[in-house]
Amino acid sequence: MSEASSRERSSVWEEVLSHLFLVLFVIFALYPVLWVLSTAFSAGTAPERSIWPIPREPTLQHLIGVLTAPSFFRQTLNSLVVSVATAGVGIGIALPAAYAMSRFSFLGKEAGVRVLLATQMFPMVASAVPLYILLEYLGLLDTRTGLVVCYATTSVPFAIFQLRGAFDGIPRDLEEAAMVDGATRLGAFVRVVLPAARPAIAVTGLFAFMSAYNEFILAATILGKEEALTLPVVLQRYVGEHDAAWGSFAAGSLVVSLPVMLLFYIVQRHLVSGLTAGGVKG
Amino acid sequence: MARVVLSSIEKRFGETRVLKGVDIQVPDGGFAVLVGPSGCGKSTLLRIIAGLEETDTGSVTFGDRNVTDLAPRDRDIAMVFQSYALYPHLTVRDNLAFGLSLRKTPKSEIAERIKEVSAMLGLDALLERFPRQLSGGQRQRVAMGRAIARRPQVFLFDEPLSNLDAALRAQVRVDIRKLHDRLEATSIYVTHDQVEAMTLADVLFVLNQGCVEQSGPPLEVYARPRTRFVASFLGSPAMNFLTAEAEQVGDRLKLSAPGVDLALPPLTQPPPKHVVVGIRPHDVFFAEDGGLQAEVDVLEALGSESFAHAQVGKEAFVARLPGSAQPARGSTLRLSVRDEDVHIFDTDSGVSLRAPEAT
């Protein structure tokens with residue numbers, strides 16, 4: 001009896017301690033975000049010097065300023081179009097490529113995989129100059145298309161790796177059953193393999209979207225005209241060499257984060273893994 | 001419905017010859033079982049019949065159609081996979097309808113077939129569920145239903161019971177045979193389980209190392225195994241094998257070894273000096289003057305019968321005894337066996353010396 005209650009007491013302590021630990025980490029992770037929030041809604045251009053992230057003179061001036069900037073709508077559209085297109089191009093090219101690499105053996109497959117892997121080892125900055133020159137030749141500087149082409153050079157290999165792994169995890173029995181049932185190889189891919197890979201496709205697409213949405217260096221290199229900019233470059237321009245509009249920067253950061261948060265909210269349903277469970281074994 | 005004929009099927013995977021010239025004929029509406037140990041090529045053979053694997057040489061015909069070069073979807077077959085391979089993103093109803101809607105079957109007919117199949121297999125309450133919400137036995141039934149709904153010419157089964165527990169397996173085994181008798185379609189069934197093989201088959205094909213070692217009605221294969229491999233593969237507990245000296249004495253064939261002293265009708269040809277004698281545990285009985293002396297090591301009493309694990313000479317020997325027999329450990333049993341129940345195999349080739357022209 002006493003043993004049981006002491007065990008109960010120690011488990012309560014464990015519970016309290018572990019929660020305390022978790023709460024501390026949540027604060028640690030959220031604190032900078034709260035600071036951004038506070039700065040966005042405080043009057044003045046410099047951040048607050050207080051330890052508590054609470055705006056002293058609450059104001060919406062920064063937020064309104066960011067939203068009503070002349071090219072802001074256009075720039076947001078740039079960011080969304082480029083990111084969606086990057087994800088689309090990445091997934092579109094990677095799906096058939098990854099499927100082929102997962103299911104078929106062909107000449108140069110291993111070498112191809114290695115080359116793809118090699119592309120992942122170089123930082124994007126390394127290719128900034130060559131890409132700039134290429135885009136200039138093609139007349140794609142300052143265009144969304146140019147930026148998408150650049151982003152696709154990294155999003156395609158990444159997506160191929162991700163999806164190949166996902167396809168490897170889908171039993172061949174499934175598509176063979178579909179082919180016996182009357183589907184062509186393509187039909188089996190579309191009707192059975194793709195739905196089974198949906199969580200992986202969602203994650204891969206989300207990742208491609210986010211890396212394009214957040215990318216700064218290439219965008220800053222390739223884009224110059226005000227109306228061609230994407231949001232990360234716009235944000236950076238609030239904090240210039242001579243003056244730093246921290247309030248606008250913070251307000252802008254909040255606005256820029258919204259689409260990604262929204263996207264996560266929509267996609268999270270698909271992130272639930274284990275969709276293939278039940279197709280196999282008893 | 002169609003007769004299935006495979007002729008001289010050969011298949012290599014790289015350097016490995018998986019199938020070495022297999023000929024199989026399954027009569028229209030027949031139930032054929034391909035049985036053999038893992039790696040004997042039985043699953044590859046089934047996949048060749050399905051069109052999921054290409055054959056290197058030989059042909060596959062259904063009725064008078066040569067389907068060797070046809071894609072799986074054009075062969076008019078249905079297959080039940082070991083893993084069931086239910087489409088995880090579709091409900092049971094949509095799983096059943098999948099093949100039919102691909103073939104542009106009218107909606108009303110699909111509904112009717114689903115109704116028929118779910119009544120046949122007791123799936124009515126499960127139609128709106130997803131595969132992940134089903135138990136193993138239910139998934140198995142859905143997999144069968146998906147095949148039946150298609151009404152194919154040929155049913156293919158790839159070890160469909162191996163993921164079920166023993167009690168369910170026995171039940172589904174009977175159900176499959178009942179369904180076959182009702183549907184009258186040609187069925188080809190792959191298994192490594194000799195009980196499934198014996199109970200389901202009209203015609204049995206025992207495969208070993210890429211060859212059909214023996215084929216025929218199961219009881220015939222059981223009674224007259226043409227090789228030592230077939231003899232050891234069918235029957236549980238497995239057949240006992242004893243090495244003995246053979247000698248033609250007058251008009252009797254004498255087989256002798258420590259603990260063995262048998263006299264049988266002669267073989268059609270002169271015997272080699274040494275042979276392997278095969279005796280099934282179920283074929284021995286007590287006899288005062290029996291030709292086998294077995295020293296009991298362990299007795300497994302099951303009630304209705306007992307199995308004595310014994311030694312004849314230095315070789316292990318299992319004997320089935322009546323449930324009432326309780327021999328003590330170390331005691332010596334005198335056992336006899338009818339002449340026709342003694343199988344004699346060549347020591348090297350393993351070929352039966354007694355059943356030369358059996359099917």
# chains A, B, ... in the order shown; residues from 1 in each chain; ligands from 1
$ interface_residues --of "chain B" --to "chain A" --cutoff "6 Å" --atoms "only C-alpha atoms" --output "PyMOL selection string"
chain B and resi 72-73+83+85-88+99+131-132+136+163
$ residues_around --residues "A:Thr204" --least-positions-apart "2" --cutoff "9 Å" --atoms "only C-alpha atoms" --output "NGL selection string"
:A and (87 or 90-91 or 158-159 or 162-163 or 199-202 or 206-209)
$ closest_residue --among "A:Phe122, A:Phe72, A:Tyr31, A:Phe189" --to "A:Pro96" --atoms "only C-alpha atoms"
A:Phe189
$ residues_around --residues "B:Leu100" --least-positions-apart "6" --cutoff "8 Å" --atoms "only C-alpha atoms" --output "list in words"
Asp181 of chain A; Ile110, Ala149 and Arg150 of chain B
$ residues_around --residues "B:Lys11" --least-positions-apart "5" --cutoff "6 Å" --atoms "only C-alpha atoms" --output "VMD selection string"
chain B and resid 18 to 19 55 to 56
$ write_last_selection --atoms "N, CA, C and O atoms" --output "PDB file, in the first residue's frame"
ATOM      1  N   VAL B  18      15.935 -20.257 -62.044  1.00  0.00           N
ATOM      2  CA  VAL B  18      14.858 -20.423 -61.065  1.00  0.00           C
ATOM      3  C   VAL B  18      13.882 -21.506 -61.518  1.00  0.00           C
ATOM      4  O   VAL B  18      13.406 -22.313 -60.733  1.00  0.00           O
ATOM      5  N   LEU B  19      13.582 -21.508 -62.809  1.00  0.00           N
ATOM      6  CA  LEU B  19      12.694 -22.530 -63.366  1.00  0.00           C
ATOM      7  C   LEU B  19      13.420 -23.201 -64.530  1.00  0.00           C
ATOM      8  O   LEU B  19      13.960 -22.538 -65.406  1.00  0.00           O
ATOM      9  N   THR B  55       8.525 -14.884 -68.973  1.00  0.00           N
ATOM     10  CA  THR B  55       9.243 -16.142 -69.051  1.00  0.00           C
ATOM     11  C   THR B  55      10.344 -16.022 -70.101  1.00  0.00           C
ATOM     12  O   THR B  55      10.183 -15.308 -71.088  1.00  0.00           O
ATOM     13  N   ASP B  56      11.484 -16.696 -69.865  1.00  0.00           N
ATOM     14  CA  ASP B  56      12.576 -16.636 -70.841  1.00  0.00           C
ATOM     15  C   ASP B  56      12.240 -17.486 -72.057  1.00  0.00           C
ATOM     16  O   ASP B  56      12.452 -17.095 -73.193  1.00  0.00           O
TER      17      ASP B  56
END
$ atom_distance --atom1 "atom CA of B:Val142" --atom2 "atom CA of B:Thr199"
22.7 Å
$ residues_around --residues "stretch 237-240 of chain B" --least-positions-apart "3" --cutoff "10 Å" --atoms "only C-alpha atoms" --output "PyMOL selection string"
chain B and resi 228+230-234+276-283+307+315-320+343
$ write_last_selection --atoms "N, CA and C atoms" --output "PDB file, in the first residue's frame"
ATOM      1  N   ARG B 228      12.446 -39.398 -53.227  1.00  0.00           N
ATOM      2  CA  ARG B 228      12.595 -39.268 -51.782  1.00  0.00           C
ATOM      3  C   ARG B 228      12.173 -37.869 -51.334  1.00  0.00           C
ATOM      4  N   VAL B 230       9.805 -35.903 -52.666  1.00  0.00           N
ATOM      5  CA  VAL B 230       8.344 -35.827 -52.597  1.00  0.00           C
ATOM      6  C   VAL B 230       7.842 -36.589 -51.377  1.00  0.00           C
ATOM      7  N   ALA B 231       8.448 -37.755 -51.134  1.00  0.00           N
ATOM      8  CA  ALA B 231       8.044 -38.576 -49.994  1.00  0.00           C
ATOM      9  C   ALA B 231       8.239 -37.822 -48.686  1.00  0.00           C
ATOM     10  N   SER B 232       9.345 -37.106 -48.585  1.00  0.00           N
ATOM     11  CA  SER B 232       9.621 -36.431 -47.319  1.00  0.00           C
ATOM     12  C   SER B 232       8.797 -35.166 -47.183  1.00  0.00           C
ATOM     13  N   PHE B 233       8.387 -34.574 -48.339  1.00  0.00           N
ATOM     14  CA  PHE B 233       7.682 -33.292 -48.270  1.00  0.00           C
ATOM     15  C   PHE B 233       6.228 -33.448 -47.861  1.00  0.00           C
ATOM     16  N   LEU B 234       5.602 -34.529 -48.295  1.00  0.00           N
ATOM     17  CA  LEU B 234       4.184 -34.741 -47.981  1.00  0.00           C
ATOM     18  C   LEU B 234       4.043 -35.698 -46.809  1.00  0.00           C
ATOM     19  N   VAL B 276      17.659 -46.724 -49.795  1.00  0.00           N
ATOM     20  CA  VAL B 276      17.026 -45.996 -48.691  1.00  0.00           C
ATOM     21  C   VAL B 276      15.602 -46.514 -48.568  1.00  0.00           C
ATOM     22  N   VAL B 277      15.244 -46.949 -47.385  1.00  0.00           N
ATOM     23  CA  VAL B 277      13.908 -47.471 -47.144  1.00  0.00           C
ATOM     24  C   VAL B 277      13.069 -46.368 -46.506  1.00  0.00           C
ATOM     25  N   GLY B 278      11.906 -46.112 -47.069  1.00  0.00           N
ATOM     26  CA  GLY B 278      11.036 -45.079 -46.519  1.00  0.00           C
ATOM     27  C   GLY B 278       9.765 -45.684 -45.939  1.00  0.00           C
ATOM     28  N   ILE B 279       9.465 -45.341 -44.699  1.00  0.00           N
ATOM     29  CA  ILE B 279       8.259 -45.865 -44.044  1.00  0.00           C
ATOM     30  C   ILE B 279       7.569 -44.706 -43.328  1.00  0.00           C
ATOM     31  N   ARG B 280       6.281 -44.495 -43.627  1.00  0.00           N
ATOM     32  CA  ARG B 280       5.554 -43.407 -42.969  1.00  0.00           C
ATOM     33  C   ARG B 280       5.214 -43.793 -41.531  1.00  0.00           C
ATOM     34  N   PRO B 281       5.266 -42.831 -40.616  1.00  0.00           N
ATOM     35  CA  PRO B 281       4.938 -43.113 -39.211  1.00  0.00           C
ATOM     36  C   PRO B 281       3.563 -43.774 -39.070  1.00  0.00           C
ATOM     37  N   HIS B 282       2.621 -43.412 -39.973  1.00  0.00           N
ATOM     38  CA  HIS B 282       1.264 -43.921 -39.835  1.00  0.00           C
ATOM     39  C   HIS B 282       1.097 -45.335 -40.368  1.00  0.00           C
ATOM     40  N   ASP B 283       2.131 -45.856 -41.026  1.00  0.00           N
ATOM     41  CA  ASP B 283       1.964 -47.153 -41.680  1.00  0.00           C
ATOM     42  C   ASP B 283       2.468 -48.333 -40.838  1.00  0.00           C
ATOM     43  N   PHE B 307       2.724 -40.541 -30.727  1.00  0.00           N
ATOM     44  CA  PHE B 307       3.880 -40.657 -31.608  1.00  0.00           C
ATOM     45  C   PHE B 307       5.087 -41.039 -30.779  1.00  0.00           C
ATOM     46  N   GLU B 315      19.375 -44.842 -36.353  1.00  0.00           N
ATOM     47  CA  GLU B 315      18.647 -43.806 -37.077  1.00  0.00           C
ATOM     48  C   GLU B 315      17.317 -43.458 -36.396  1.00  0.00           C
ATOM     49  N   ALA B 316      16.984 -42.190 -36.469  1.00  0.00           N
ATOM     50  CA  ALA B 316      15.746 -41.725 -35.842  1.00  0.00           C
ATOM     51  C   ALA B 316      14.542 -42.274 -36.593  1.00  0.00           C
ATOM     52  N   PHE B 317      13.520 -42.599 -35.848  1.00  0.00           N
ATOM     53  CA  PHE B 317      12.336 -43.208 -36.446  1.00  0.00           C
ATOM     54  C   PHE B 317      11.114 -42.780 -35.635  1.00  0.00           C
ATOM     55  N   VAL B 318      10.084 -42.291 -36.322  1.00  0.00           N
ATOM     56  CA  VAL B 318       8.859 -41.903 -35.634  1.00  0.00           C
ATOM     57  C   VAL B 318       7.775 -42.918 -35.985  1.00  0.00           C
ATOM     58  N   ALA B 319       7.086 -43.391 -34.952  1.00  0.00           N
ATOM     59  CA  ALA B 319       6.024 -44.365 -35.193  1.00  0.00           C
ATOM     60  C   ALA B 319       4.722 -43.857 -34.592  1.00  0.00           C
ATOM     61  N   ARG B 320       3.643 -43.964 -35.362  1.00  0.00           N
ATOM     62  CA  ARG B 320       2.344 -43.623 -34.800  1.00  0.00           C
ATOM     63  C   ARG B 320       1.772 -44.847 -34.111  1.00  0.00           C
ATOM     64  N   HIS B 343       8.533 -47.938 -49.018  1.00  0.00           N
ATOM     65  CA  HIS B 343       9.042 -47.228 -50.198  1.00  0.00           C
ATOM     66  C   HIS B 343      10.549 -47.440 -50.268  1.00  0.00           C
TER      67      HIS B 343
END
$ residues_around --residues "B:Gly63" --least-positions-apart "5" --cutoff "12 Å" --atoms "only C-alpha atoms" --output "PyMOL selection string"
chain B and resi 1-6+25-29+75-76+153-154+186
$ residues_around --residues "B:Ala244" --least-positions-apart "4" --cutoff "8 Å" --atoms "only C-alpha atoms" --output "list in words"
Leu255, Ser256, Ala257, Val260, His274, Val275, Val276 and Val277 of chain B
